[in-house]
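Q: Pasting a structure here, questions to come.
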Amino acid sequence: MKTIFRYIIAFVLTSGILVLVLDKIVMPAYVSHYQGRYLPDVRGLPFEEAKYKLRLEGFEAMLGDVKYTSKFAPGTVIDQYPKAMRRVKPGRRIRLTLAEKEKMIPIPDVVGKSIRSARLEIEETGLQIDTVTSEFDAEVPKDVIRWQYPKPGDFLRRGSGIKLIISKGKPPDFYQVPQLFGLSLEKARKLLVEARLKVGKITYRQNEDLVPYTVLDQSVEAETILDHPIKVDLIVSILNLNNVFNKLTLPE
C-alpha cells in the first residue's frame, strides 16, 4: 500500500509540474509565435519606401548602420535585422542598414619616411599598401621610401592600395660621377680619383672670361650612378690656344 501511495503522489506532482510548464511557458510561447507576422524584405528599397512598407505591416523602421559602397545608390537599404520572412511580433523595431556614397580619401605624402611610419599613416587614412619594391639609391637612406604611386594629393576609394619603392641604400659597388663644372682642372682630377674614376680626353676651349684651366663641361652628367669605373672627358678653358700643345704633354 505504501508503495502504491508513493506512486500516486509522484504521479500527481509530475502531472502538476507538467501542467504548469504547459500553461506558463509552452502555451504562451506557442501562442506568441503564431501571433507574430512575417517580416517583409525591404532590401533594395529607398529608406522612406522601406519605412512605409514596414509601417503597413505593423513594424517600426529605424536607421542602423551606414555602409560606404558604390554598388548601391545612396540611401538604399542593403540589409535588415531581423532578417526577412521571419515571424516577428508586431510593433517591433526593424534596424535597417543604408548604403552611402564612398568617400574619396586624399593620398598622404610618405616619400622620405620610413616604411613603418608610412604604413601607419596610410592605414590610418583608410588606405593600404599594395606592393613594396626595393631599389638601390645612393641619395636615399636604406629603408626610406623614395617613390610612391599614386602621387600625394590624388584621391582613392577607401581600401585602395598604394605602390611604394623603398631604398636599399648605396649599391655595394657603385661609382658616382662628381660635379666638375666650374672647378679647376687640378680639383677636377682630384675629385675623379676620389670617386674611383679616371680623367679621359681633355679638350681645350679658348675663353677669356674664366680663369685658365677651368672645367667648362664633362662627358658624363654629374650625379650619374655607374656600376663600373669609366673615363670622364673634360672641356677646359684656356686663354690662348697656342698653349694647348704644351698642356697636351701633361700627364693625365
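Simple scheme: letters A, B, ... for chains in C-alpha cells order, numbers from 1 for residues in each chain, numbers from 1 for ligands in the order shown.
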Find the spatial neighbours of stretch 213-220 of chain A, counting only C-alpha atoms, within a cut-off of 12 Å - ignore same-chain residues fewer than 3 positions away - and output them as JSON, numbers by chain.
A: {"A": [175, 176, 177, 178, 179, 180, 181, 182, 183, 184, 185, 186, 187, 188, 189, 192, 197, 198, 199, 200, 201, 202, 203, 204, 205, 206, 207, 208, 209, 210, 223, 224, 225, 226, 229, 230, 231, 232, 233, 234, 235, 236, 237, 238, 239, 240, 241, 243, 244, 247]}
Q: Just write the chosen residues, N, CA and C atoms, as a CSV table (one decimal), in the first residue's frame.
A:
chain,number,residue,atom,x,y,z
A,175,TYR,N,79.7,53.7,-58.6
A,175,TYR,CA,80.6,54.9,-58.9
A,175,TYR,C,79.7,56.0,-59.3
A,176,GLN,N,79.9,57.1,-58.5
A,176,GLN,CA,79.0,58.3,-58.8
A,176,GLN,C,79.9,59.4,-59.3
A,177,VAL,N,79.5,59.9,-60.5
A,177,VAL,CA,80.2,61.0,-61.1
A,177,VAL,C,80.0,62.3,-60.4
A,178,PRO,N,81.1,63.0,-60.0
A,178,PRO,CA,81.0,64.2,-59.3
A,178,PRO,C,80.7,65.4,-60.2
A,179,GLN,N,80.3,66.5,-59.6
A,179,GLN,CA,80.0,67.7,-60.3
A,179,GLN,C,81.4,68.4,-60.5
A,180,LEU,N,81.8,68.6,-61.8
A,180,LEU,CA,83.1,69.2,-62.1
A,180,LEU,C,83.1,70.6,-62.7
A,181,PHE,N,81.9,71.0,-63.2
A,181,PHE,CA,81.8,72.3,-63.9
A,181,PHE,C,82.2,73.4,-62.9
A,182,GLY,N,83.0,74.3,-63.5
A,182,GLY,CA,83.5,75.5,-62.7
A,182,GLY,C,84.7,75.2,-61.8
A,183,LEU,N,85.1,74.0,-61.7
A,183,LEU,CA,86.3,73.7,-60.9
A,183,LEU,C,87.6,73.8,-61.7
A,184,SER,N,88.7,73.9,-61.0
A,184,SER,CA,90.0,73.9,-61.7
A,184,SER,C,90.2,72.5,-62.2
A,185,LEU,N,91.1,72.4,-63.2
A,185,LEU,CA,91.4,71.1,-63.7
A,185,LEU,C,92.1,70.2,-62.6
A,186,GLU,N,92.9,70.8,-61.8
A,186,GLU,CA,93.5,70.1,-60.7
A,186,GLU,C,92.5,69.5,-59.7
A,187,LYS,N,91.5,70.4,-59.4
A,187,LYS,CA,90.5,69.9,-58.4
A,187,LYS,C,89.6,68.8,-59.1
A,188,ALA,N,89.3,69.0,-60.4
A,188,ALA,CA,88.5,68.0,-61.0
A,188,ALA,C,89.2,66.6,-61.1
A,189,ARG,N,90.5,66.6,-61.3
A,189,ARG,CA,91.3,65.4,-61.3
A,189,ARG,C,91.2,64.7,-59.9
A,192,LEU,N,87.7,63.1,-59.3
A,192,LEU,CA,87.6,61.9,-60.1
A,192,LEU,C,88.3,60.8,-59.4
A,197,LEU,N,87.2,57.1,-60.4
A,197,LEU,CA,87.1,57.3,-61.8
A,197,LEU,C,88.3,57.9,-62.4
A,198,LYS,N,88.4,58.0,-63.7
A,198,LYS,CA,89.6,58.5,-64.3
A,198,LYS,C,89.3,59.7,-65.3
A,199,VAL,N,90.3,60.5,-65.5
A,199,VAL,CA,90.2,61.6,-66.4
A,199,VAL,C,90.4,61.0,-67.8
A,200,GLY,N,89.5,61.4,-68.7
A,200,GLY,CA,89.6,60.9,-70.1
A,200,GLY,C,90.3,61.9,-70.9
A,201,LYS,N,89.7,62.2,-72.1
A,201,LYS,CA,90.3,63.1,-73.1
A,201,LYS,C,90.0,64.5,-72.6
A,202,ILE,N,91.0,65.4,-72.7
A,202,ILE,CA,90.9,66.8,-72.3
A,202,ILE,C,90.9,67.6,-73.6
A,203,THR,N,89.8,68.4,-73.7
A,203,THR,CA,89.7,69.3,-74.9
A,203,THR,C,89.8,70.8,-74.3
A,204,TYR,N,90.6,71.6,-75.0
A,204,TYR,CA,90.7,73.0,-74.6
A,204,TYR,C,89.9,73.9,-75.4
A,205,ARG,N,89.3,74.9,-74.8
A,205,ARG,CA,88.5,75.9,-75.5
A,205,ARG,C,88.9,77.3,-75.0
A,206,GLN,N,89.2,78.1,-76.0
A,206,GLN,CA,89.6,79.5,-75.6
A,206,GLN,C,88.4,80.2,-74.9
A,207,ASN,N,88.7,80.8,-73.8
A,207,ASN,CA,87.7,81.6,-73.0
A,207,ASN,C,88.5,82.6,-72.2
A,208,GLU,N,88.3,83.9,-72.5
A,208,GLU,CA,89.0,84.9,-71.8
A,208,GLU,C,88.3,85.4,-70.6
A,209,ASP,N,87.0,84.9,-70.3
A,209,ASP,CA,86.2,85.4,-69.2
A,209,ASP,C,86.5,84.5,-67.9
A,210,LEU,N,87.1,83.4,-68.1
A,210,LEU,CA,87.3,82.5,-66.9
A,210,LEU,C,88.8,82.3,-66.7
A,223,GLU,N,76.3,63.3,-60.9
A,223,GLU,CA,75.5,62.5,-60.0
A,223,GLU,C,75.0,61.2,-60.7
A,224,THR,N,75.5,61.0,-61.9
A,224,THR,CA,75.2,59.7,-62.5
A,224,THR,C,75.8,58.5,-61.7
A,225,ILE,N,75.0,57.5,-61.5
A,225,ILE,CA,75.5,56.3,-60.8
A,225,ILE,C,75.9,55.2,-61.8
A,226,LEU,N,77.1,54.7,-61.7
A,226,LEU,CA,77.7,53.7,-62.6
A,226,LEU,C,78.0,52.4,-61.8
A,229,PRO,N,83.8,51.5,-63.3
A,229,PRO,CA,84.6,52.8,-63.5
A,229,PRO,C,84.7,53.1,-64.9
A,230,ILE,N,84.7,54.4,-65.3
A,230,ILE,CA,84.9,54.8,-66.7
A,230,ILE,C,85.8,56.1,-66.7
A,231,LYS,N,86.2,56.5,-67.9
A,231,LYS,CA,86.9,57.7,-68.0
A,231,LYS,C,85.9,58.9,-68.3
A,232,VAL,N,86.1,60.0,-67.7
A,232,VAL,CA,85.3,61.2,-67.9
A,232,VAL,C,86.1,62.2,-68.7
A,233,ASP,N,85.6,62.5,-69.9
A,233,ASP,CA,86.2,63.5,-70.7
A,233,ASP,C,85.8,64.9,-70.2
A,234,LEU,N,86.8,65.9,-70.4
A,234,LEU,CA,86.6,67.2,-69.9
A,234,LEU,C,86.9,68.3,-71.0
A,235,ILE,N,86.1,69.4,-70.9
A,235,ILE,CA,86.4,70.5,-71.7
A,235,ILE,C,86.9,71.6,-70.8
A,236,VAL,N,88.1,72.2,-71.1
A,236,VAL,CA,88.7,73.1,-70.1
A,236,VAL,C,89.0,74.4,-70.8
A,237,SER,N,88.9,75.5,-70.1
A,237,SER,CA,89.1,76.8,-70.6
A,237,SER,C,90.6,77.1,-70.7
A,238,ILE,N,91.0,78.0,-71.7
A,238,ILE,CA,92.4,78.4,-71.8
A,238,ILE,C,92.4,79.8,-72.4
A,239,LEU,N,93.3,80.6,-72.1
A,239,LEU,CA,93.4,82.0,-72.6
A,239,LEU,C,93.8,82.0,-74.1
A,240,ASN,N,94.8,81.2,-74.4
A,240,ASN,CA,95.4,81.2,-75.7
A,240,ASN,C,95.6,79.8,-76.2
A,241,LEU,N,95.0,79.5,-77.3
A,241,LEU,CA,95.0,78.1,-77.8
A,241,LEU,C,96.4,77.7,-78.3
A,243,ASN,N,98.8,77.7,-76.4
A,243,ASN,CA,99.5,77.0,-75.3
A,243,ASN,C,98.9,75.6,-75.2
A,244,VAL,N,98.0,75.2,-76.0
A,244,VAL,CA,97.4,73.9,-75.9
A,244,VAL,C,98.4,72.8,-76.1
A,247,LYS,N,100.1,71.9,-73.0
A,247,LYS,CA,99.3,71.3,-72.0
A,247,LYS,C,99.0,69.8,-72.3
Q: Given only C-alpha atoms as the basis, pick out the residue of A:Pro108, A:Pro46, A:Pro152, A:Gly64 nearest to A:Glu121.
A: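 Comparing A:Pro108, A:Pro46, A:Pro152, A:Gly64 against A:Glu121, the winner is A:Pro108.
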Q: Can you pull out the residues contacting A:Lys168? Cut-off 7 Å, using only C-alpha atoms, and skip same-chain residues under 4 positions away; I want them as a VMD selection string.
A: chain A and resid 134 to 137 142 to 143
Q: Any idea what the distance is between atom CA of A:Tyr149 and atom CA of A:Thr125?
A: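 Straight-line distance from atom CA of A:Tyr149 to atom CA of A:Thr125 works out to 15.7 Å.
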Q: So how many Å separate atom CA of A:Ile94 and atom CA of A:Lys67, to one decimal?
A: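 Interatomic distance here is 17.0 Å.
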Q: Between atom CA of A:Arg86 and atom CA of A:Tyr38, what is the distance in Å, rounded to a tenth?
A: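 Going from atom CA of A:Arg86 over to atom CA of A:Tyr38 covers 5.2 Å.
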Q: Name the residues of stretch 82-169 of chain A that fall into strand (DSSP E or B) according to DSSP on the backbone, using the chain letters and numbers of this document, as number ranges by chain.
A: A: 87-88, 93-100, 104-106, 114, 128-135, 144-149, 155-157, 161-167
Q: At most 12 Å is the cut-off: for each residue in stretch 86-109 of chain A with any atom that close to an atom of stretch 158-165 of chain A, write down the nearest atom pair and the distance in Å rounded to one decimal, counting only C-alpha atoms, chain first then increasing number, as a Markdown table.
A:
| residue | atom | partner | partner_atom | distance |
| --- | --- | --- | --- | --- |
| A:Lys101 | CA | A:Arg158 | CA | 11.1 |
| A:Glu102 | CA | A:Arg158 | CA | 7.4 |
| A:Lys103 | CA | A:Arg158 | CA | 6.8 |
| A:Met104 | CA | A:Arg158 | CA | 6.7 |
| A:Ile105 | CA | A:Arg158 | CA | 6.4 |
| A:Pro106 | CA | A:Arg158 | CA | 9.8 |
| A:Ile107 | CA | A:Ile162 | CA | 8.5 |
| A:Pro108 | CA | A:Ile162 | CA | 10.0 |
| A:Asp109 | CA | A:Ile162 | CA | 11.0 |
Q: Any chance you can output those residues with C-alpha atoms as a CSV table (one decimal), in the first residue's frame?
A:
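Saved as part.csv:
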chain,number,residue,atom,x,y,z
A,101,LYS,CA,28.4,57.1,-51.4
A,102,GLU,CA,32.0,56.1,-51.0
A,103,LYS,CA,34.3,58.7,-49.5
A,104,MET,CA,37.3,59.6,-51.6
A,105,ILE,CA,40.4,59.8,-49.4
A,106,PRO,CA,43.4,62.1,-50.2
A,107,ILE,CA,46.6,60.2,-50.6
A,108,PRO,CA,49.3,61.2,-48.0
A,109,ASP,CA,52.8,62.1,-48.9
Q: Determine, counting only C-alpha atoms, which protein, DNA and RNA residues have an atom within 10 Å of an atom of A:Arg37; residues of the same chain fewer than 4 positions away are not included. Present the result as a PDB file with C-alpha atoms, in the first residue's frame.
A:
ATOM      1  CA  HIS A  33       4.804  32.594 -32.021  1.00  0.00           C
ATOM      2  CA  GLU A  57       2.818  45.565 -41.779  1.00  0.00           C
ATOM      3  CA  GLY A  58       2.821  46.886 -38.233  1.00  0.00           C
ATOM      4  CA  PHE A  59       6.560  47.316 -37.762  1.00  0.00           C
ATOM      5  CA  MET A  85      10.424  36.354 -43.881  1.00  0.00           C
ATOM      6  CA  ARG A  86      10.755  35.596 -40.192  1.00  0.00           C
ATOM      7  CA  ARG A  87       7.783  35.787 -37.800  1.00  0.00           C
ATOM      8  CA  VAL A  88       8.211  38.927 -35.756  1.00  0.00           C
ATOM      9  CA  LYS A  89       5.956  40.396 -33.112  1.00  0.00           C
ATOM     10  CA  PRO A  90       4.045  43.441 -34.438  1.00  0.00           C
TER      11      PRO A  90
END
